[in-house]
Amino acid sequence: MQWSDWYQKHKNRWWCLPLILPILLQPLAVLCNVYTELHGVRVVLFYMPPALMMALMLLYGWAALPGIAAALVIRYLPMRGEVDAIASVCHYLFTCIISWGGYRLFVPRRNAISFGYMPLSAARLFWLVFCQATIFFVIYQGLIIFEFYSARASMLGEDPLQVSTLINYQSQLVSSLVGIPFFYFILRALRHPPFARHFISRMRMQFHAHSSQMEVVLWLLILLGLVSLMLLPLSDHSTIFNTNYTLTLMLPVMLWGAMRFGFLFIIPVWTLVLIVLSHYYYRYLLPGDKYDVQMAITSSCYAVFSFTIYLMAEMTTHQRTIYEKVRNAAFIDPVVQMPNLRALTRDLNFYSSSTLCLLNFSELDLLGQNYGVLMRVSYKQQLANGLQRSLQNGESLYHLSNKELVLRLSGESGKTRVEELFQKIRSFRFLWDGRAMQLQVGMSYCYVRSPVSHHYLLLGELGTMADFSLSTNCPESLQVSGARHVQNVVKQKVYMMNRLQKALDEDGFQLMAQRVEGIRGDGFYEILLRMKSDDGSLVKPDHFLPIAHEFGLSSRIDSWVLESALEFIAKHREALPGIRFSINLTLASVCRAHFATEVDELLQRYDVQAWQLMFEINESSASSNMALANQTIYQLRQLGCRIAIDGFGTGYASYVCLREMNVDMLKLDGSFIRNIASSSVDYQLVESICQLARMKKMQVVAEFIETQDVLNTVKSMGIDYMQGHLISHPRMLESLV
């Protein structure tokens with residue numbers, strides 16, 4: 001264990017792997033070299049040592065220089081003597097330093113990333129391939145001219161512009177192009193053996209999604225067939241396919257592999273093919289008068305084909321990677337990093353049958369408002385990680401909205417497994433800021449079979465059942481009858497929402513008024529809202545106001561009622577002088593910060609006095625957000641409007657509301673007034689409320705006056721205003737004129 005730790009700590013030091021690997025791999029690079037002579041001039045068809053040195057520089061940087069120098073000395077000192085050995089060391093090191101230094105200067109970040117990375121392709125081709133080959137070739141010839149190398153013949157020969165010069169330079173380009181990534185992969189695997197497994201995994205990932213093993217085998221057989229044709233010895237029975245003509249047929253095959261199998265697969269294969277073909281060049285090059293031309297053409301094919309295959313493999317791999325990233329981004333929520341609704345749609349149609357579970361966390365929005373969006377994101381991520389061990393292959397958790405998640409189980413999972421997952425989710429503890437939180441969860445589920453085209457409607461039905469599950473504390477199954485019931489409820493809500501929207505756009509509401517009679521002879525009218533139906537009847541607000549509040553239309557309705565009432569007062573100012581209206585406000589208007597400002601603007605527009613308006617605020621609305629309600633009440637009273645608490649006595653905190661809020665009037669709920677003449681309990685409750693109201697200088701209104709006994713009792717108690725069918729029935733607002 002101590003040796004392993006020591007090795008991991010020091011393996012990248014110059015005296016460890018950077019010193020050993022060049023000495024070990026130098027013989028392998030030399031074995032790949034191919035030499036020949038052409039008209040007395042030395043010709044190199046393949047030369048790999050510079051590629052090995054550059055791969056070492058990419059991986060280890062300056063630490064690779066001592067190892068490179070040691071490998072060169074070990075090779076050339078016994079063979080050529082001290083002068084040649086020193087010249088070789090200077091030659092190789094100067095070439096590596098210039099090329100690698102220029103590359104590092106222009107690519108300071110991520111310079112040692114694995115080959116196949118498209119943004120670095122241009123810099124690598126220029127500095128590591130073109131510059132290295134050019135500098136290496138020029139310095140080699142200079143050392144021969146100045147007799148630092150005791151070589152028998154120059155690679156340029158007597159005429160620098162002859163064919164041998166072109167062949168030698170092209171071989172340097174090809175060797176650097178394919179040799180650097182080839183040795184880079186080998187060095188990475190030797191330095192860190194698990195890289196080999198990672199390399200194979202990445203190679204498989206670069207394969208086209210629709211490529212099969214049969215296609216790979218077929219491609220390899222065709223490639224081996226073409227190579228075999230070229231390696232057959234030339235004879236009188238040889239055909240054109242046994243010559244370098246077959247090399248041109250190899251290009252489309254390699255391009256096929258580059259586009260289908262990716263960069264990491266095709267470059268090592270092409271490198272091995274080039275090594276084999278260059279070693280056995282005499283098998284497919286016909287000897288004759290034009291032998292030098294044939295060799296130049298073959299060398300050019302090596303160069304052109306290598307650059308084409310390299311760039312094609314890199315481009316197609318890069319495009320495939322981008323496509324996969326875009327495709328994955330389309331199915332992954334970028335914030336929560338979980339599969340989204342599009343991924344759910346794909347998976348529902350991919351699997352033959354599934355169990356769909358919808359999770360509703362009602363408290364998640366409230367916690368998100370207090371702790372921020374990051375809290376919601378962290379909760380869903382931690383829950384997904386916690387459930388991962390309980391899910392089978394192919395099952396997943398999907399992000400749906402702020403407070404909902406969808407769980408897809410494979411097959412028609414039984415009720416027992418659904419309940420087990422439900423209990424696991426309920427017992428989940430969320431850690432946030434050092435605190436463990438447990439959220440209430442509602443769960444509904446159903447079974448679906450592919451293809452699923454109605455999942456949007458299905459998720460809506462599951463959402464309603466999940467809300468019901470919050471009260472039952474058990475997962476609710478969406479059976480056929482239940483689904484129809486939920487679907488009808490949803491349809492009715494959508495239908496009513498459409499009717500409300502149409503009524504707002506086309507004045508589809510009707511205002512009515514009911515007289516509120518004062519004990520001193522004065523009085524005012526309460527504005528009542530009705531909606532016109534298609535058959536001409538009027539719909540009471542109990543049927544449409546809850547839907548309006550759910551869809552966010554209640555505030556617009558309040559604004560329409562207020563403006564219509566003020567328009568009526570302004571229009572009939574002479575016929576109804578000093579008329580006063582009481583208008584009901586919903587929770588949305590009470591909690592709107594700019595509501596009082598809008599009221600002031602409307603009063604000025606229609607030239608109506610503020611004392612002619614009274615606003616009734618429901619007790620439950622006021623107590624749900626006391627701070628905002630008090631602010632709105634204060635602003636409206638500053639304008640001169642009067643405020644009444646409607647339905648007083650029905651809430652859980654009625655007396656708290658009476659103590660905390662400064663209003664002008666209390667409207668006692670009809671449930672206390674209905675039996676006040678016969679029930680001593682109701683009588684005592686009403687009397688105590690009246691006493692408290694008088695202490696705070698509030699007037700009291702008694703609703704639901706329908707019998708004479710109730711009226712006499714209310715009058716005897718000294719209640720200020722009375723309202724009910726005995727006093728006045730609701731009637732059309734226009735009938736007041």
# chains A, B, ... in the order shown; residues from 1 in each chain; ligands from 1

call {"tool": "select_by_dssp", "arguments": {"residues": "region 409-592 of chain A", "states": "strand (DSSP E)", "output": "PyMOL selection string"}}
result
chain A and resi 409-410+430-432+435-437+442-449+476-477+509-518+523-532+538-539+581-585

call {"tool": "closest_residue", "arguments": {"among": "A:Ile643, A:Val89, A:Ala122, A:Leu59", "to": "His192 (chain A)", "atoms": "only C-alpha atoms"}}
result
A:Leu59

call {"tool": "residues_around", "arguments": {"residues": "region 437-446 of chain A", "least_positions_apart": "3", "cutoff": "10 Å", "atoms": "only C-alpha atoms", "output": "PyMOL selection string"}}
result
chain A and resi 354-364+367+379+403-408+412-413+415+418-419+421-423+425-432+434+458-459+461-480+483

call {"tool": "residues_around", "arguments": {"residues": "Gly536 (chain A)", "least_positions_apart": "4", "cutoff": "12 Å", "atoms": "only C-alpha atoms", "output": "compact mmCIF listing (two decimals) with N, CA, C and O atoms, in the first residue's frame"}}
result
# COMPACT_ATOMS: atom_id res chain seq x y z
N GLY A 508 -70.42 40.29 -19.99
CA GLY A 508 -71.38 39.23 -19.72
C GLY A 508 -71.81 39.12 -18.27
O GLY A 508 -72.35 38.08 -17.87
N PHE A 509 -71.59 40.16 -17.49
CA PHE A 509 -72.01 40.17 -16.09
C PHE A 509 -73.21 41.10 -15.91
O PHE A 509 -73.45 42.01 -16.71
N GLN A 510 -73.94 40.86 -14.84
CA GLN A 510 -75.09 41.69 -14.50
C GLN A 510 -74.96 42.11 -13.04
O GLN A 510 -74.74 41.27 -12.17
N ARG A 530 -73.83 38.93 -10.74
CA ARG A 530 -74.36 37.74 -11.38
C ARG A 530 -73.74 37.61 -12.77
O ARG A 530 -73.34 38.61 -13.38
N MET A 531 -73.66 36.39 -13.26
CA MET A 531 -73.13 36.16 -14.61
C MET A 531 -74.25 35.65 -15.50
O MET A 531 -75.00 34.74 -15.11
N LYS A 532 -74.33 36.21 -16.69
CA LYS A 532 -75.37 35.81 -17.63
C LYS A 532 -75.03 34.46 -18.25
O LYS A 532 -73.91 34.24 -18.68

call {"tool": "select_by_dssp", "arguments": {"residues": "region 414-576 of chain A", "states": "alpha helix (DSSP H)", "output": "PyMOL selection string"}}
result
chain A and resi 415-426+455-472+480-506+541-550+554-571
